[in-house]
$ cat model36.tsv   # TSV, C-alpha atoms
chain	number	residue	atom	x	y	z
E	1	MET	CA	11.49	-16.28	8.09
E	2	ALA	CA	9.90	-13.22	6.58
E	3	ARG	CA	9.70	-11.67	10.04
E	4	ALA	CA	13.36	-12.17	10.69
E	5	ALA	CA	14.18	-10.96	7.21
E	6	ILE	CA	12.70	-7.55	8.02
E	7	GLN	CA	15.64	-6.89	10.32
E	8	ARG	CA	18.24	-7.46	7.66
E	9	ARG	CA	19.96	-4.41	6.34
E	10	LEU	CA	17.90	-2.97	3.54
E	11	THR	CA	20.02	-2.94	0.41
E	12	TRP	CA	19.42	-2.27	-3.25
E	13	THR	CA	19.39	-5.37	-5.37
E	14	GLN	CA	18.96	-6.28	-9.02
E	15	ALA	CA	15.77	-8.05	-10.02
E	16	GLU	CA	15.29	-9.69	-13.39
E	17	VAL	CA	12.05	-9.19	-15.26
E	18	VAL	CA	10.98	-12.70	-16.25
E	19	ASP	CA	7.60	-11.80	-17.67
E	20	VAL	CA	5.31	-8.83	-18.26
E	21	LEU	CA	1.54	-9.35	-18.06
E	22	THR	CA	-0.98	-6.92	-19.48
E	23	GLU	CA	-3.75	-6.50	-16.90
E	24	THR	CA	-5.65	-3.54	-18.34
E	25	PRO	CA	-4.88	-0.87	-20.96
E	26	ARG	CA	-2.99	1.11	-18.31
E	27	VAL	CA	-1.69	-1.56	-15.93
E	28	ARG	CA	0.98	-4.15	-16.48
E	29	THR	CA	2.33	-6.67	-14.01
E	30	LEU	CA	6.06	-7.19	-13.77
E	31	VAL	CA	6.95	-10.74	-12.80
E	32	LEU	CA	10.34	-10.63	-11.12
E	33	SER	CA	13.05	-13.03	-10.17
E	34	ILE	CA	15.23	-11.76	-7.31
E	35	PRO	CA	18.26	-13.69	-6.11
E	36	ASP	CA	18.20	-14.33	-2.35
E	37	TRP	CA	14.76	-12.77	-1.92
E	38	SER	CA	13.92	-13.09	1.77
E	39	GLY	CA	10.16	-13.41	1.34
E	40	HIS	CA	7.53	-10.84	2.16
E	41	LEU	CA	4.26	-10.34	3.99
E	42	ALA	CA	1.00	-9.58	2.19
E	43	GLY	CA	0.62	-5.81	1.92
E	44	GLN	CA	4.31	-4.87	1.92
E	45	HIS	CA	5.91	-2.78	-0.79
E	46	VAL	CA	9.26	-2.36	-2.51
E	47	ASP	CA	11.14	0.75	-3.55
E	48	VAL	CA	12.13	0.83	-7.22
E	49	ARG	CA	15.02	3.05	-8.36
E	50	LEU	CA	15.75	4.13	-11.90
E	51	THR	CA	19.08	5.69	-12.79
E	52	ALA	CA	19.48	7.75	-15.95
E	53	GLY	CA	22.67	7.86	-17.98
E	54	ASP	CA	23.70	11.12	-16.33
E	55	GLY	CA	23.30	9.66	-12.86
E	56	TYR	CA	19.93	11.24	-12.11
E	57	GLN	CA	17.87	8.90	-9.97
E	58	ALA	CA	14.13	8.63	-9.41
E	59	GLN	CA	12.60	6.39	-6.80
E	60	ARG	CA	9.03	5.17	-6.26
E	61	SER	CA	7.27	2.66	-4.04
E	62	TYR	CA	5.17	-0.16	-5.47
E	63	SER	CA	3.02	-2.62	-3.59
E	64	ILE	CA	3.72	-6.30	-4.03
E	65	SER	CA	0.65	-8.00	-5.50
E	66	SER	CA	1.82	-11.62	-5.30
E	67	ALA	CA	1.25	-13.78	-2.23
E	68	PRO	CA	4.15	-14.65	0.06
E	69	GLU	CA	3.56	-18.24	-1.06
E	70	ASP	CA	4.03	-17.46	-4.77
E	71	ALA	CA	7.28	-18.46	-6.43
E	72	GLN	CA	7.82	-15.12	-8.12
E	73	LEU	CA	7.35	-11.55	-7.01
E	74	LYS	CA	4.77	-9.49	-8.86
E	75	LEU	CA	4.43	-5.71	-9.05
E	76	SER	CA	1.49	-4.20	-10.91
E	77	VAL	CA	2.29	-0.78	-12.31
E	78	GLU	CA	-0.25	1.75	-13.54
E	79	ARG	CA	1.05	4.07	-16.23
E	80	LEU	CA	0.55	7.70	-15.23
E	81	GLU	CA	0.79	9.93	-18.31
E	82	ASP	CA	2.96	12.58	-16.69
E	83	GLY	CA	4.80	10.10	-14.49
E	84	GLU	CA	8.57	9.95	-14.35
E	85	VAL	CA	8.96	6.29	-13.49
E	86	SER	CA	5.73	4.44	-14.27
E	87	PRO	CA	5.77	4.91	-18.08
E	88	TYR	CA	9.17	3.23	-18.19
E	89	LEU	CA	8.05	0.36	-15.95
E	90	ALA	CA	4.70	-0.08	-17.68
E	91	ASP	CA	5.75	0.42	-21.29
E	92	GLU	CA	9.47	-0.11	-21.77
E	93	LEU	CA	10.50	-3.03	-19.60
E	94	ARG	CA	10.76	-6.42	-21.28
E	95	ALA	CA	11.51	-9.93	-20.10
E	96	GLY	CA	15.22	-10.19	-19.49
E	97	ASP	CA	15.62	-6.58	-18.34
E	98	GLN	CA	17.10	-5.73	-14.97
E	99	LEU	CA	15.41	-3.55	-12.38
E	100	GLU	CA	16.92	-2.09	-9.22
E	101	LEU	CA	14.79	-2.44	-6.09
E	102	ARG	CA	14.90	-2.91	-2.33
E	103	GLY	CA	12.50	-4.55	0.04
E	104	PRO	CA	10.27	-5.89	1.35
E	105	ILE	CA	9.38	-2.73	3.23
E	106	GLY	CA	6.80	-1.74	5.83
E	107	GLY	CA	5.17	-3.95	8.44
E	108	TYR	CA	2.23	-1.64	9.08
E	109	PHE	CA	-0.08	-2.29	6.12
E	110	VAL	CA	0.17	-6.07	6.45
E	111	TRP	CA	-2.36	-8.86	6.78
E	112	GLU	CA	-1.51	-12.41	7.75
E	113	ALA	CA	-3.76	-15.46	7.51
E	114	SER	CA	-3.30	-16.00	11.26
E	115	MET	CA	-5.45	-12.91	11.87
E	116	THR	CA	-8.94	-14.31	12.31
E	117	ASP	CA	-11.17	-11.22	12.47
E	118	PRO	CA	-13.42	-10.50	9.49
E	119	LEU	CA	-11.40	-8.79	6.79
E	120	LEU	CA	-12.66	-5.76	4.90
E	121	LEU	CA	-10.59	-4.58	1.96
E	122	VAL	CA	-11.44	-1.39	0.10
E	123	GLY	CA	-9.45	-0.49	-2.98
E	124	GLY	CA	-9.59	2.38	-5.44
E	125	GLY	CA	-8.01	1.85	-8.86
E	126	SER	CA	-4.58	0.27	-8.61
E	127	GLY	CA	-5.01	0.46	-4.83
E	128	VAL	CA	-6.29	-3.07	-5.24
E	129	CYS	CA	-2.70	-4.33	-5.68
E	130	PRO	CA	-1.63	-4.87	-2.05
E	131	LEU	CA	-5.16	-6.06	-1.27
E	132	MET	CA	-4.72	-8.68	-4.01
E	133	ALA	CA	-1.60	-9.93	-2.22
E	134	MET	CA	-3.76	-10.38	0.89
E	135	LEU	CA	-6.48	-12.26	-1.03
E	136	ARG	CA	-3.89	-14.45	-2.74
E	137	HIS	CA	-2.30	-15.13	0.64
E	138	ARG	CA	-5.72	-15.99	2.09
E	139	ALA	CA	-6.36	-18.40	-0.79
E	140	ALA	CA	-2.88	-19.96	-0.62
E	141	ARG	CA	-3.45	-20.74	3.06
E	142	SER	CA	-6.96	-22.07	2.37
E	143	SER	CA	-8.13	-19.54	4.94
E	144	THR	CA	-11.86	-19.29	5.51
E	145	VAL	CA	-11.63	-15.98	7.36
E	146	PRO	CA	-14.73	-14.03	6.22
E	147	ALA	CA	-13.50	-11.44	3.75
E	148	LYS	CA	-14.97	-8.75	1.55
E	149	LEU	CA	-13.35	-6.71	-1.16
E	150	LEU	CA	-14.99	-3.49	-2.28
E	151	TYR	CA	-13.17	-2.39	-5.40
E	152	SER	CA	-13.82	0.92	-7.14
E	153	ALA	CA	-12.74	1.18	-10.78
E	154	ARG	CA	-13.60	3.57	-13.57
E	155	ASP	CA	-15.07	0.93	-15.86
E	156	LEU	CA	-15.00	-2.82	-16.33
E	157	GLY	CA	-11.95	-2.65	-18.59
E	158	ASP	CA	-10.01	-0.96	-15.80
E	159	VAL	CA	-10.64	-3.78	-13.31
E	160	ILE	CA	-7.26	-5.34	-12.57
E	161	TYR	CA	-7.14	-9.13	-11.88
E	162	ARG	CA	-10.77	-9.37	-13.01
E	163	SER	CA	-10.93	-13.07	-13.89
E	164	GLU	CA	-8.89	-14.09	-10.85
E	165	LEU	CA	-11.16	-12.02	-8.61
E	166	GLU	CA	-14.20	-13.73	-10.10
E	167	ARG	CA	-12.64	-17.10	-9.36
E	168	LEU	CA	-11.58	-16.17	-5.83
E	169	GLY	CA	-14.98	-14.62	-5.16
E	170	ALA	CA	-16.67	-17.91	-5.99
E	171	GLY	CA	-14.73	-19.55	-3.14
E	172	GLU	CA	-15.73	-19.87	0.47
E	173	GLY	CA	-16.08	-16.81	2.63
E	174	LEU	CA	-15.02	-14.13	0.15
E	175	GLU	CA	-17.34	-11.60	-1.40
E	176	VAL	CA	-16.04	-9.36	-4.18
E	177	VAL	CA	-18.06	-6.21	-4.83
E	178	LEU	CA	-17.24	-3.92	-7.74
E	179	THR	CA	-18.36	-0.36	-8.26
E	180	LEU	CA	-17.79	1.19	-11.68
E	181	THR	CA	-17.66	4.94	-11.30
E	182	ARG	CA	-17.43	6.22	-14.87
E	183	SER	CA	-19.27	3.82	-17.15
E	184	GLN	CA	-21.08	0.56	-16.74
E	185	PRO	CA	-21.62	-2.15	-19.36
E	186	PRO	CA	-25.16	-2.88	-20.57
E	187	GLY	CA	-27.04	-4.97	-18.05
E	188	TRP	CA	-24.68	-4.06	-15.18
E	189	THR	CA	-26.48	-4.71	-11.90
E	190	GLY	CA	-23.66	-3.73	-9.56
E	191	TYR	CA	-22.82	-0.34	-8.10
E	192	GLY	CA	-22.16	2.51	-10.52
E	193	ARG	CA	-20.96	5.36	-8.32
E	194	ARG	CA	-18.15	6.43	-6.04
E	195	VAL	CA	-17.90	4.68	-2.69
E	196	ASP	CA	-20.11	6.51	-0.19
E	197	ASN	CA	-21.59	6.01	3.27
E	198	GLU	CA	-24.63	4.18	1.97
E	199	MET	CA	-22.56	1.74	-0.06
E	200	LEU	CA	-20.21	1.07	2.86
E	201	ALA	CA	-23.18	0.53	5.17
E	202	GLU	CA	-24.48	-2.09	2.74
E	203	VAL	CA	-21.19	-3.80	1.94
E	204	ALA	CA	-19.04	-3.49	5.06
E	205	TRP	CA	-19.41	-5.68	8.10
E	206	PRO	CA	-21.32	-3.90	10.84
E	207	PRO	CA	-18.94	-2.27	13.35
E	208	GLU	CA	-20.01	-4.82	15.99
E	209	ARG	CA	-18.25	-7.53	13.99
E	210	ARG	CA	-15.03	-5.58	14.54
E	211	PRO	CA	-13.54	-6.18	11.09
E	212	LEU	CA	-9.95	-5.41	10.29
E	213	VAL	CA	-10.03	-2.81	7.55
E	214	TYR	CA	-7.42	-2.11	4.90
E	215	ILE	CA	-7.96	0.79	2.50
E	216	CYS	CA	-5.66	1.56	-0.41
E	217	GLY	CA	-5.96	4.06	-3.23
E	218	PRO	CA	-5.45	7.69	-4.15
E	219	THR	CA	-5.32	10.00	-1.12
E	220	PRO	CA	-8.81	11.55	-1.58
E	221	PHE	CA	-10.35	8.07	-2.01
E	222	VAL	CA	-8.69	6.74	1.13
E	223	GLU	CA	-9.66	9.81	3.16
E	224	ALA	CA	-13.29	9.55	2.04
E	225	VAL	CA	-13.60	5.83	2.73
E	226	ALA	CA	-11.84	5.98	6.10
E	227	GLY	CA	-13.97	8.96	7.11
E	228	SER	CA	-17.17	7.16	6.14
E	229	LEU	CA	-16.24	4.00	8.02
E	230	VAL	CA	-15.44	5.97	11.18
E	231	ALA	CA	-18.75	7.82	10.79
E	232	LEU	CA	-20.49	4.43	10.56
E	233	GLY	CA	-18.97	3.50	13.91
E	234	HIS	CA	-15.86	1.53	12.94
E	235	ASP	CA	-12.91	1.75	15.30
E	236	PRO	CA	-10.21	3.99	13.76
E	237	MET	CA	-7.57	1.81	15.42
E	238	ARG	CA	-8.71	-1.12	13.28
E	239	ILE	CA	-8.48	0.80	10.01
E	240	ARG	CA	-5.18	0.76	8.16
E	241	THR	CA	-4.60	2.97	5.17
E	242	GLU	CA	-2.16	3.18	2.31
E	243	ARG	CA	-2.42	6.41	0.32
E	244	PHE	CA	-0.86	6.86	-3.10
E	245	GLY	CA	-0.62	10.62	-3.07
E	246	PRO	CA	-0.75	12.55	-6.31
E	247	THR	CA	2.40	11.30	-7.99
E	248	GLY	CA	2.97	7.62	-7.48
E	249	GLY	CA	4.24	8.17	-10.97
B	1	MET	CA	-1.01	22.45	-5.45
B	2	ASP	CA	-3.51	21.45	-2.82
B	3	GLU	CA	-1.38	20.22	0.06
B	4	SER	CA	-3.99	17.75	1.26
B	5	SER	CA	-3.44	15.64	-1.86
B	6	LEU	CA	0.21	15.24	-0.85
B	7	VAL	CA	-0.66	13.35	2.30
B	8	LEU	CA	0.63	9.80	2.50
B	9	ASP	CA	0.94	7.43	5.44
B	10	GLY	CA	3.97	6.98	7.67
B	11	ASN	CA	4.18	3.57	6.04
B	12	ALA	CA	5.40	5.29	2.89
B	13	ALA	CA	8.53	6.45	4.74
B	14	ALA	CA	9.44	2.88	5.68
B	15	GLY	CA	12.24	2.64	3.13
B	16	MET	CA	13.87	5.93	4.03
B	17	LEU	CA	13.66	5.19	7.76
B	18	ARG	CA	15.24	1.79	7.21
B	19	GLU	CA	18.25	3.58	5.77
B	20	VAL	CA	18.80	4.93	9.28
B	21	PHE	CA	17.20	2.47	11.71
B	22	VAL	CA	17.71	-1.26	12.06
B	23	HIS	CA	14.05	-1.82	12.85
B	24	ASP	CA	10.94	-1.40	10.73
B	25	MET	CA	9.86	1.95	12.14
B	26	THR	CA	6.33	1.78	10.71
B	27	MET	CA	5.39	-0.50	13.61
B	28	ALA	CA	6.91	1.80	16.26
B	29	MET	CA	4.47	3.43	18.69
B	30	THR	CA	4.74	7.20	18.81
B	31	ALA	CA	3.46	9.56	21.48
B	32	CYS	CA	2.59	13.11	20.47
B	33	ALA	CA	4.12	15.72	22.77
B	34	ALA	CA	1.31	18.17	21.98
B	35	CYS	CA	-1.82	16.08	22.55
B	36	GLY	CA	-0.54	12.81	23.99
B	37	ALA	CA	-2.05	10.61	21.28
B	38	VAL	CA	-0.30	7.27	20.93
B	39	ALA	CA	-0.34	5.52	17.56
B	40	ARG	CA	1.79	3.51	15.20
B	41	LEU	CA	4.13	5.54	13.04
B	42	GLY	CA	2.93	3.78	9.88
B	43	GLY	CA	-0.56	5.18	10.32
B	44	GLN	CA	0.35	8.82	10.92
B	45	PRO	CA	-0.05	11.31	8.08
B	46	LEU	CA	3.15	11.86	6.15
B	47	TYR	CA	3.86	14.88	3.96
B	48	ASP	CA	6.39	13.68	1.46
B	49	TYR	CA	7.28	15.83	-1.50
B	50	PRO	CA	8.11	13.71	-4.56
B	51	ASP	CA	11.85	13.65	-5.11
B	52	GLY	CA	12.15	16.34	-2.44
B	53	PRO	CA	14.82	16.10	0.22
B	54	GLY	CA	12.65	14.93	3.06
B	55	ALA	CA	9.37	14.21	4.72
B	56	VAL	CA	7.29	15.51	7.62
B	57	LEU	CA	5.35	13.18	9.88
B	58	ARG	CA	2.39	14.67	11.69
B	59	CYS	CA	0.11	13.55	14.52
B	60	ALA	CA	-3.09	11.94	13.19
B	61	SER	CA	-5.04	13.42	16.11
B	62	CYS	CA	-3.86	17.06	16.36
B	63	GLU	CA	-1.68	17.52	13.24
B	64	ALA	CA	1.33	18.71	15.25
B	65	VAL	CA	4.67	17.95	13.61
B	66	LEU	CA	6.04	14.75	15.14
B	67	MET	CA	9.17	14.20	13.08
B	68	VAL	CA	11.10	15.65	10.18
B	69	VAL	CA	13.54	13.58	8.17
B	70	VAL	CA	15.77	15.17	5.57
B	71	HIS	CA	18.21	13.29	3.38
B	72	ALA	CA	20.39	15.58	1.29
B	73	THR	CA	24.01	16.41	0.54
B	74	GLY	CA	25.27	13.13	1.89
B	75	ARG	CA	23.69	13.26	5.31
B	76	TYR	CA	20.50	12.55	7.19
B	77	ARG	CA	19.05	15.08	9.58
B	78	MET	CA	16.25	13.96	11.84
B	79	ALA	CA	14.24	16.18	14.14
B	80	ALA	CA	11.56	14.98	16.48
B	81	PRO	CA	10.22	18.17	18.05
B	82	GLY	CA	6.74	16.78	18.63
B	83	LEU	CA	7.56	13.34	19.86
B	84	SER	CA	7.54	12.75	23.61
B	85	TRP	CA	8.56	9.13	23.14
B	86	MET	CA	8.79	6.34	20.64
B	87	GLU	CA	8.64	2.63	21.42
B	88	ILE	CA	9.99	-0.12	19.23
B	89	GLU	CA	9.23	-3.79	19.81
B	90	GLU	CA	12.30	-5.98	19.85
B	91	ARG	CA	10.59	-8.70	17.83
B	92	GLN	CA	9.23	-7.37	14.61
$ encode --input "model36.tsv" --output "structure tokens"
Amino acid sequence: MARAAIQRRLTWTQAEVVDVLTETPRVRTLVLSIPDWSGHLAGQHVDVRLTAGDGYQAQRSYSISSAPEDAQLKLSVERLEDGEVSPYLADELRAGDQLELRGPIGGYFVWEASMTDPLLLVGGGSGVCPLMAMLRHRAARSSTVPAKLLYSARDLGDVIYRSELERLGAGEGLEVVLTLTRSQPPGWTGYGRRVDNEMLAEVAWPPERRPLVYICGPTPFVEAVAGSLVALGHDPMRIRTERFGPTGG
Amino acid sequence: MDESSLVLDGNAAAGMLREVFVHDMTMAMTACAACGAVARLGGQPLYDYPDGPGAVLRCASCEAVLMVVVHATGRYRMAAPGLSWMEIEERQ
């Protein structure tokens, strides 16, 4: 179904915003209803297009954070202060509004529950979004594939999907590890620094376990994590990356 | 601006490439004409200027330019000076 759908002509379509969820002070999740949506795979993205009154168009890509099994499509959008698109999506959109998008797009950064190797997910900031789709997909399929999520956020208030991650992390086979890079709450016993070689050596599966690795976040974050994992002996061919670049916006 | 911060993955060009190709090109295997490295298009570094007219795909191994895609003034221009071949699976 979703596989076959990838080959359909990619066309722009109107989605309806059915709900807007506040995740953190800077991130909101758009819950969308899309007529004739063909389904997606965990990790895929959509292109969103905004058209101004004078015809000027701006286009950005956003990862889908809902599982393929979920009834509605979810996009989590981080507001970038100087962004051209994200402030509108994160601040202005209301339930009932229409949004132009196309997708699902991209079969490269995709994980399916049928893949049985240990799964290592490393996310920086809102880079957790496509990884969340993978964890939701894993949970929806009752998969017991060993999985770890290493999630780097600035502080606890910036952790997206925090309560859901706590719940998922209490389930079988999934370990959720947070590192808070800017400030930590009193009594915090977790990591409190940027992801580095030492942290990855402690958290990641050893290279001999041949985990499948998905890294998503700002470009410098992704480069640093991928570089560290390769230095630790992980096979570059088993590491998939999704970089935001500087704008995302 | 530091150019290295502009690097994305080939995966980010999936939408634009689907405007031209029937298949999802991020899963296509590419062979670099300069160094011979074979890898999936979605994992190669992509230099994509925001709201610019096009994108440049480079080889992850040697950084040679594999492909350039420009979409402007009502047409697409694609160049593949650094690609010796590209292979697309029928079932994707």
$ residues_around --input "model36.tsv" --residues "Gln14 of chain E" --least-positions-apart "4" --cutoff "12 Å" --atoms "all atoms listed in the file" --output "list in words"
Leu32, Ser33, Ile34, Pro35, Asp36, Trp37, Asp47, Val48, Arg49, Leu50, Gly96, Asp97, Gln98, Leu99, Glu100, Leu101, Arg102 and Gly103 of chain E
$ write_last_selection --input "model36.tsv" --atoms "C-alpha atoms" --output "PDB file, in the frame of the given file"
ATOM      1  CA  LEU E  32      10.340 -10.630 -11.120  1.00  0.00           C
ATOM      2  CA  SER E  33      13.050 -13.030 -10.170  1.00  0.00           C
ATOM      3  CA  ILE E  34      15.230 -11.760  -7.310  1.00  0.00           C
ATOM      4  CA  PRO E  35      18.260 -13.690  -6.110  1.00  0.00           C
ATOM      5  CA  ASP E  36      18.200 -14.330  -2.350  1.00  0.00           C
ATOM      6  CA  TRP E  37      14.760 -12.770  -1.920  1.00  0.00           C
ATOM      7  CA  ASP E  47      11.140   0.750  -3.550  1.00  0.00           C
ATOM      8  CA  VAL E  48      12.130   0.830  -7.220  1.00  0.00           C
ATOM      9  CA  ARG E  49      15.020   3.050  -8.360  1.00  0.00           C
ATOM     10  CA  LEU E  50      15.750   4.130 -11.900  1.00  0.00           C
ATOM     11  CA  GLY E  96      15.220 -10.190 -19.490  1.00  0.00           C
ATOM     12  CA  ASP E  97      15.620  -6.580 -18.340  1.00  0.00           C
ATOM     13  CA  GLN E  98      17.100  -5.730 -14.970  1.00  0.00           C
ATOM     14  CA  LEU E  99      15.410  -3.550 -12.380  1.00  0.00           C
ATOM     15  CA  GLU E 100      16.920  -2.090  -9.220  1.00  0.00           C
ATOM     16  CA  LEU E 101      14.790  -2.440  -6.090  1.00  0.00           C
ATOM     17  CA  ARG E 102      14.900  -2.910  -2.330  1.00  0.00           C
ATOM     18  CA  GLY E 103      12.500  -4.550   0.040  1.00  0.00           C
TER      19      GLY E 103
END
$ closest_atom_pairs --input "model36.tsv" --of "chain B" --to "chain E" --cutoff "9 Å" --atoms "all atoms listed in the file" --output "CSV"
residue,atom,partner,partner_atom,distance
B:Ser4,CA,E:Thr219,CA,8.2
B:Ser5,CA,E:Gly245,CA,5.9
B:Leu6,CA,E:Gly245,CA,5.2
B:Val7,CA,E:Gly245,CA,6.0
B:Leu8,CA,E:Arg243,CA,5.1
B:Asp9,CA,E:Glu242,CA,6.1
B:Gly10,CA,E:Tyr108,CA,8.9
B:Asn11,CA,E:Gly106,CA,5.9
B:Ala12,CA,E:Ser61,CA,7.6
B:Ala13,CA,E:Gly106,CA,8.4
B:Ala14,CA,E:Gly106,CA,5.3
B:Gly15,CA,E:Ile105,CA,6.1
B:Arg18,CA,E:Leu10,CA,6.6
B:Glu19,CA,E:Leu10,CA,6.9
B:Val22,CA,E:Gln7,CA,6.2
B:His23,CA,E:Gln7,CA,5.9
B:Asp24,CA,E:Gly106,CA,6.4
B:Met25,CA,E:Gly106,CA,7.9
B:Thr26,CA,E:Tyr108,CA,5.6
B:Met27,CA,E:Tyr108,CA,5.6
B:Ala39,CA,E:Met237,CA,8.4
B:Arg40,CA,E:Tyr108,CA,8.0
B:Leu41,CA,E:Tyr108,CA,8.4
B:Gly42,CA,E:Tyr108,CA,5.5
B:Gly43,CA,E:Arg240,CA,6.7
B:Asp48,CA,E:Gly245,CA,8.9
B:Pro50,CA,E:Thr247,CA,7.1
B:Asp51,CA,E:Ala58,CA,7.0
B:Arg91,CA,E:Arg3,CA,8.4
B:Gln92,CA,E:Arg3,CA,6.3
$ residues_around --input "model36.tsv" --residues "Lys74 of chain E" --least-positions-apart "4" --cutoff "7 Å" --atoms "all atoms listed in the file" --output "PyMOL selection string"
chain E and resi 29-32+64-66
$ residues_around --input "model36.tsv" --residues "Ile215 of chain E" --least-positions-apart "3" --cutoff "12 Å" --atoms "all atoms listed in the file" --output "ChimeraX atom specification"
/E:43,109-111,119-132,148-152,195,212,218-229,236,238-244 /B:9,43
$ write_last_selection --input "model36.tsv" --atoms "C-alpha atoms" --output "PDB file, keeping the file's coordinate frame"
ATOM      1  CA  GLY E  43       0.620  -5.810   1.920  1.00  0.00           C
ATOM      2  CA  PHE E 109      -0.080  -2.290   6.120  1.00  0.00           C
ATOM      3  CA  VAL E 110       0.170  -6.070   6.450  1.00  0.00           C
ATOM      4  CA  TRP E 111      -2.360  -8.860   6.780  1.00  0.00           C
ATOM      5  CA  LEU E 119     -11.400  -8.790   6.790  1.00  0.00           C
ATOM      6  CA  LEU E 120     -12.660  -5.760   4.900  1.00  0.00           C
ATOM      7  CA  LEU E 121     -10.590  -4.580   1.960  1.00  0.00           C
ATOM      8  CA  VAL E 122     -11.440  -1.390   0.100  1.00  0.00           C
ATOM      9  CA  GLY E 123      -9.450  -0.490  -2.980  1.00  0.00           C
ATOM     10  CA  GLY E 124      -9.590   2.380  -5.440  1.00  0.00           C
ATOM     11  CA  GLY E 125      -8.010   1.850  -8.860  1.00  0.00           C
ATOM     12  CA  SER E 126      -4.580   0.270  -8.610  1.00  0.00           C
ATOM     13  CA  GLY E 127      -5.010   0.460  -4.830  1.00  0.00           C
ATOM     14  CA  VAL E 128      -6.290  -3.070  -5.240  1.00  0.00           C
ATOM     15  CA  CYS E 129      -2.700  -4.330  -5.680  1.00  0.00           C
ATOM     16  CA  PRO E 130      -1.630  -4.870  -2.050  1.00  0.00           C
ATOM     17  CA  LEU E 131      -5.160  -6.060  -1.270  1.00  0.00           C
ATOM     18  CA  MET E 132      -4.720  -8.680  -4.010  1.00  0.00           C
ATOM     19  CA  LYS E 148     -14.970  -8.750   1.550  1.00  0.00           C
ATOM     20  CA  LEU E 149     -13.350  -6.710  -1.160  1.00  0.00           C
ATOM     21  CA  LEU E 150     -14.990  -3.490  -2.280  1.00  0.00           C
ATOM     22  CA  TYR E 151     -13.170  -2.390  -5.400  1.00  0.00           C
ATOM     23  CA  SER E 152     -13.820   0.920  -7.140  1.00  0.00           C
ATOM     24  CA  VAL E 195     -17.900   4.680  -2.690  1.00  0.00           C
ATOM     25  CA  LEU E 212      -9.950  -5.410  10.290  1.00  0.00           C
ATOM     26  CA  PRO E 218      -5.450   7.690  -4.150  1.00  0.00           C
ATOM     27  CA  THR E 219      -5.320  10.000  -1.120  1.00  0.00           C
ATOM     28  CA  PRO E 220      -8.810  11.550  -1.580  1.00  0.00           C
ATOM     29  CA  PHE E 221     -10.350   8.070  -2.010  1.00  0.00           C
ATOM     30  CA  VAL E 222      -8.690   6.740   1.130  1.00  0.00           C
ATOM     31  CA  GLU E 223      -9.660   9.810   3.160  1.00  0.00           C
ATOM     32  CA  ALA E 224     -13.290   9.550   2.040  1.00  0.00           C
ATOM     33  CA  VAL E 225     -13.600   5.830   2.730  1.00  0.00           C
ATOM     34  CA  ALA E 226     -11.840   5.980   6.100  1.00  0.00           C
ATOM     35  CA  GLY E 227     -13.970   8.960   7.110  1.00  0.00           C
ATOM     36  CA  SER E 228     -17.170   7.160   6.140  1.00  0.00           C
ATOM     37  CA  LEU E 229     -16.240   4.000   8.020  1.00  0.00           C
ATOM     38  CA  PRO E 236     -10.210   3.990  13.760  1.00  0.00           C
ATOM     39  CA  ARG E 238      -8.710  -1.120  13.280  1.00  0.00           C
ATOM     40  CA  ILE E 239      -8.480   0.800  10.010  1.00  0.00           C
ATOM     41  CA  ARG E 240      -5.180   0.760   8.160  1.00  0.00           C
ATOM     42  CA  THR E 241      -4.600   2.970   5.170  1.00  0.00           C
ATOM     43  CA  GLU E 242      -2.160   3.180   2.310  1.00  0.00           C
ATOM     44  CA  ARG E 243      -2.420   6.410   0.320  1.00  0.00           C
ATOM     45  CA  PHE E 244      -0.860   6.860  -3.100  1.00  0.00           C
TER      46      PHE E 244
ATOM     47  CA  ASP B   9       0.940   7.430   5.440  1.00  0.00           C
ATOM     48  CA  GLY B  43      -0.560   5.180  10.320  1.00  0.00           C
TER      49      GLY B  43
END
$ axis_aligned_box --input "model36.tsv" --around "segment 16-30 of chain B" --padding-each-side "4 Å" --output "JSON"
{"center_x": 11.6, "center_y": 2.7, "center_z": 11.4, "size_x": 22.3, "size_y": 17.0, "size_z": 22.8}
$ closest_residue --input "model36.tsv" --among "B:Val38, B:Ala55, B:Cys62, B:Met16" --to "Ala79 of chain B" --atoms "all atoms listed in the file"
B:Ala55
$ closest_residue --input "model36.tsv" --among "B:Val68, B:Ala28, B:Cys59, B:Cys35" --to "Glu89 of chain B" --atoms "all atoms listed in the file"
B:Ala28
$ atom_distance --input "model36.tsv" --atom1 "atom CA of Thr22 of chain E" --atom2 "atom CA of Leu89 of chain E"
12.1 Å
$ closest_residue --input "model36.tsv" --among "E:Val85, E:Val17, E:Ala147, E:Ala95" --to "Val213 of chain E" --atoms "only C-alpha atoms"
E:Ala147
$ residues_around --input "model36.tsv" --residues "Arg194 of chain E" --least-positions-apart "5" --cutoff "8 Å" --atoms "only C-alpha atoms" --output "ChimeraX atom specification"
/E:152,179-181
$ atom_distance --input "model36.tsv" --atom1 "atom CA of Glu166 of chain E" --atom2 "atom CA of Ala204 of chain E"
18.9 Å
$ atom_distance --input "model36.tsv" --atom1 "atom CA of Arg182 of chain E" --atom2 "atom CA of Val159 of chain E"
12.2 Å
$ closest_residue --input "model36.tsv" --among "B:Leu17, B:Leu46, B:Val65, B:Ala33" --to "Arg77 of chain B" --atoms "all atoms listed in the file"
B:Leu17
$ closest_residue --input "model36.tsv" --among "B:Ile88, B:Met78, B:Ala72, B:Leu57" --to "Cys32 of chain B" --atoms "only C-alpha atoms"
B:Leu57
$ closest_residue --input "model36.tsv" --among "E:Asp155, E:Asp91, E:Glu164, E:Asp196" --to "Arg26 of chain E" --atoms "only C-alpha atoms"
E:Asp91
